[in-house]
Amino acid sequence: MNRFLLAIVGLCALAAGCSDSPTGPSEGTRSTTTFTVPLSPANEVPAITNADAGASGTATIALTVTRDASGNISSASADFQIAVAGFPAATTVTDAHVHSAPPVSTGSINTTLTSGELAITNGSGSIAKNGINVPADRAAAILTNPAGHYFNVHTALNPDGAVRGQLSAGTTVSDPGY
């Protein structure tokens, strides 16, 4: 009887050691932070006063990061949904991307879409672009200080930017199934 009881206790201990318990070492996590960014010509530095001044838009950026067991970002990607309106009918969009800079400054490009993909028809246009690779250090910078980054759309008339919006705190959702 003692051997049987000892065998049962040993099997229970072995089973507990092999479980997928959340108290065991973490293999990493994945989360998505979504930023909704209103775009305006008045936010450009300097503000736009030419034919693009009547434009507006919204950029929705979903930044998905994977973190290792130490909490460091090991990979990141972004999904962009951009909609603009109020541009002159013949407007050509040349670029759209995230820059690193506070509201009163211009800054270096952080994450970009492929140039020329946002088409304007009759003054409006939209695009969804998914799975854009974001370097881990840039993703960390955006998550740490969203207000230190802005999204803008460049046109042929305004090659430095026609509409701009500063990122602000996003909404984060963790992926428990990762």
# chains A, B, ... in the order shown; residues from 1 in each chain; ligands from 1
>>> residues_around(residues="Ala119 (chain A)", least_positions_apart="2", cutoff="12 Å", atoms="only C-alpha atoms", output="list of chain:residue names")
A:Ile82, A:Ala83, A:Val84, A:Ala85, A:Phe87, A:Ala89, A:Ala90, A:Thr91, A:Thr92, A:Val93, A:Thr94, A:Asp95, A:Ala96, A:Ser115, A:Gly116, A:Glu117, A:Thr121, A:Asn122, A:Gly123, A:Ser124, A:Gly125, A:Ser126, A:Ile127, A:Ala128, A:Val153, A:His154, A:Thr155
>>> residues_around(residues="Ala51 (chain A)", least_positions_apart="6", cutoff="10 Å", atoms="only C-alpha atoms", output="PyMOL selection string")
chain A and resi 86-88+91+157-158+162
>>> select_by_dssp(residues="region 8-168 of chain A", states="strand (DSSP E)", output="mmCIF file with C-alpha atoms, in the first residue's frame")
data_model
loop_
_atom_site.group_PDB
_atom_site.id
_atom_site.type_symbol
_atom_site.label_atom_id
_atom_site.label_comp_id
_atom_site.auth_asym_id
_atom_site.auth_seq_id
_atom_site.Cartn_x
_atom_site.Cartn_y
_atom_site.Cartn_z
ATOM 1 C CA THR A 29 3.544 37.731 -25.504
ATOM 2 C CA ARG A 30 1.909 39.519 -28.395
ATOM 3 C CA SER A 31 -0.227 42.661 -28.230
ATOM 4 C CA THR A 32 -1.734 45.163 -30.638
ATOM 5 C CA THR A 33 -1.993 48.882 -29.905
ATOM 6 C CA THR A 34 -4.343 50.844 -32.144
ATOM 7 C CA PHE A 35 -3.864 54.566 -32.735
ATOM 8 C CA THR A 36 -6.605 56.634 -34.398
ATOM 9 C CA VAL A 37 -5.056 59.789 -35.804
ATOM 10 C CA PRO A 38 -7.127 62.729 -37.156
ATOM 11 C CA LEU A 39 -5.268 64.412 -40.052
ATOM 12 C CA SER A 56 -8.704 66.205 -43.884
ATOM 13 C CA GLY A 57 -8.474 62.564 -43.023
ATOM 14 C CA THR A 58 -7.945 59.797 -40.536
ATOM 15 C CA ALA A 59 -5.172 57.245 -40.151
ATOM 16 C CA THR A 60 -5.782 54.154 -38.065
ATOM 17 C CA ILE A 61 -2.553 52.382 -37.186
ATOM 18 C CA ALA A 62 -2.592 48.967 -35.508
ATOM 19 C CA LEU A 63 0.908 48.232 -34.193
ATOM 20 C CA THR A 64 1.376 44.565 -33.276
ATOM 21 C CA VAL A 65 4.424 43.654 -31.211
ATOM 22 C CA THR A 66 5.794 40.355 -29.990
ATOM 23 C CA ARG A 67 7.800 40.451 -26.783
ATOM 24 C CA ILE A 73 10.109 43.662 -28.381
ATOM 25 C CA SER A 74 11.421 40.949 -30.688
ATOM 26 C CA SER A 75 9.294 41.753 -33.751
ATOM 27 C CA ALA A 76 6.659 44.247 -34.854
ATOM 28 C CA SER A 77 4.359 44.997 -37.759
ATOM 29 C CA ALA A 78 1.767 47.640 -38.539
ATOM 30 C CA ASP A 79 -1.558 47.679 -40.328
ATOM 31 C CA PHE A 80 -2.596 51.043 -41.759
ATOM 32 C CA GLN A 81 -6.057 52.255 -42.767
ATOM 33 C CA ILE A 82 -5.969 55.739 -44.246
ATOM 34 C CA ALA A 83 -8.873 57.811 -45.548
ATOM 35 C CA VAL A 84 -8.548 61.380 -46.850
ATOM 36 C CA ALA A 85 -10.992 63.854 -48.397
ATOM 37 C CA VAL A 93 -0.173 61.593 -53.112
ATOM 38 C CA THR A 94 3.569 60.945 -53.058
ATOM 39 C CA ASP A 95 4.120 59.448 -49.582
ATOM 40 C CA ALA A 96 2.421 58.576 -46.303
ATOM 41 C CA HIS A 97 4.317 57.625 -43.161
ATOM 42 C CA VAL A 98 5.055 57.937 -39.457
ATOM 43 C CA HIS A 99 7.693 60.471 -38.410
ATOM 44 C CA SER A 100 9.474 60.895 -35.078
ATOM 45 C CA SER A 108 12.756 61.804 -39.516
ATOM 46 C CA ILE A 109 10.707 59.043 -41.113
ATOM 47 C CA ASN A 110 10.024 56.184 -38.719
ATOM 48 C CA THR A 111 7.722 53.812 -40.631
ATOM 49 C CA THR A 112 6.614 54.260 -44.238
ATOM 50 C CA GLY A 125 -9.089 58.319 -51.323
ATOM 51 C CA SER A 126 -8.446 55.470 -48.939
ATOM 52 C CA ILE A 127 -6.107 52.545 -48.547
ATOM 53 C CA ALA A 128 -5.586 49.604 -46.217
ATOM 54 C CA LYS A 129 -2.029 48.324 -46.040
ATOM 55 C CA ASN A 130 -1.309 45.410 -43.695
ATOM 56 C CA GLY A 131 1.776 43.670 -42.398
ATOM 57 C CA ILE A 132 4.280 46.519 -42.764
ATOM 58 C CA ASN A 133 7.480 45.470 -40.986
ATOM 59 C CA HIS A 149 5.413 60.692 -33.406
ATOM 60 C CA TYR A 150 3.096 61.881 -36.137
ATOM 61 C CA PHE A 151 1.541 60.489 -39.283
ATOM 62 C CA ASN A 152 1.298 62.562 -42.425
ATOM 63 C CA VAL A 153 0.390 62.362 -46.076
ATOM 64 C CA HIS A 154 2.567 64.113 -48.677
ATOM 65 C CA THR A 155 1.309 65.417 -52.016
ATOM 66 C CA VAL A 163 -2.156 66.671 -43.713
ATOM 67 C CA ARG A 164 -0.736 65.612 -40.371
ATOM 68 C CA GLY A 165 -1.838 64.172 -37.054
ATOM 69 C CA GLN A 166 0.052 63.521 -33.854
#
>>> atom_distance(atom1="CA of Gly161 (chain A)", atom2="CA of Pro103 (chain A)")
13.5 Å
>>> atom_distance(atom1="CA of Thr171 (chain A)", atom2="CA of Thr144 (chain A)")
13.3 Å
>>> select_by_dssp(residues="chain A", states="helix (DSSP H, G or I)", output="PyMOL selection string")
chain A and resi 2-17+41-43+51-54+136-144+146-148
>>> write_last_selection(atoms="C-alpha atoms", output="compact mmCIF listing (two decimals), in the first residue's frame")
# COMPACT_ATOMS: atom_id res chain seq x y z
CA ASN A 2 2.85 2.40 0.82
CA ARG A 3 4.48 1.71 -2.55
CA PHE A 4 1.20 2.42 -4.33
CA LEU A 5 0.73 5.69 -2.43
CA LEU A 6 4.35 6.67 -3.10
CA ALA A 7 3.89 5.94 -6.83
CA ILE A 8 0.73 8.09 -6.94
CA VAL A 9 2.48 11.00 -5.19
CA GLY A 10 5.45 10.67 -7.57
CA LEU A 11 3.20 10.72 -10.66
CA CYS A 12 1.35 13.78 -9.35
CA ALA A 13 4.63 15.61 -8.81
CA LEU A 14 5.80 14.66 -12.30
CA ALA A 15 2.52 15.81 -13.86
CA ALA A 16 2.67 19.14 -12.04
CA GLY A 17 6.22 19.71 -13.27
CA PRO A 41 -3.41 70.64 -42.91
CA ALA A 42 -3.34 72.97 -39.89
CA ASN A 43 -1.14 70.45 -38.05
CA ALA A 51 -5.12 74.33 -52.44
CA ASP A 52 -4.62 71.36 -50.03
CA ALA A 53 -5.84 73.46 -47.07
CA GLY A 54 -9.37 72.04 -47.30
CA ALA A 136 11.71 46.62 -32.96
CA ASP A 137 13.48 49.78 -31.74
CA ARG A 138 11.06 52.01 -33.67
CA ALA A 139 8.03 50.11 -32.37
CA ALA A 140 9.35 50.51 -28.83
CA ALA A 141 9.84 54.26 -29.38
CA ILE A 142 6.26 54.68 -30.64
CA LEU A 143 4.78 52.70 -27.73
CA THR A 144 6.92 54.49 -25.16
CA PRO A 146 3.29 58.08 -28.98
CA ALA A 147 3.06 61.89 -28.74
CA GLY A 148 6.62 62.07 -30.04
>>> atom_distance(atom1="CA of Asn145 (chain A)", atom2="CA of Pro46 (chain A)")
22.8 Å
>>> closest_residue(among="A:Ala47, A:Ser40, A:Ala55, A:Gly28", to="Asn72 (chain A)", atoms="only C-alpha atoms")
A:Gly28
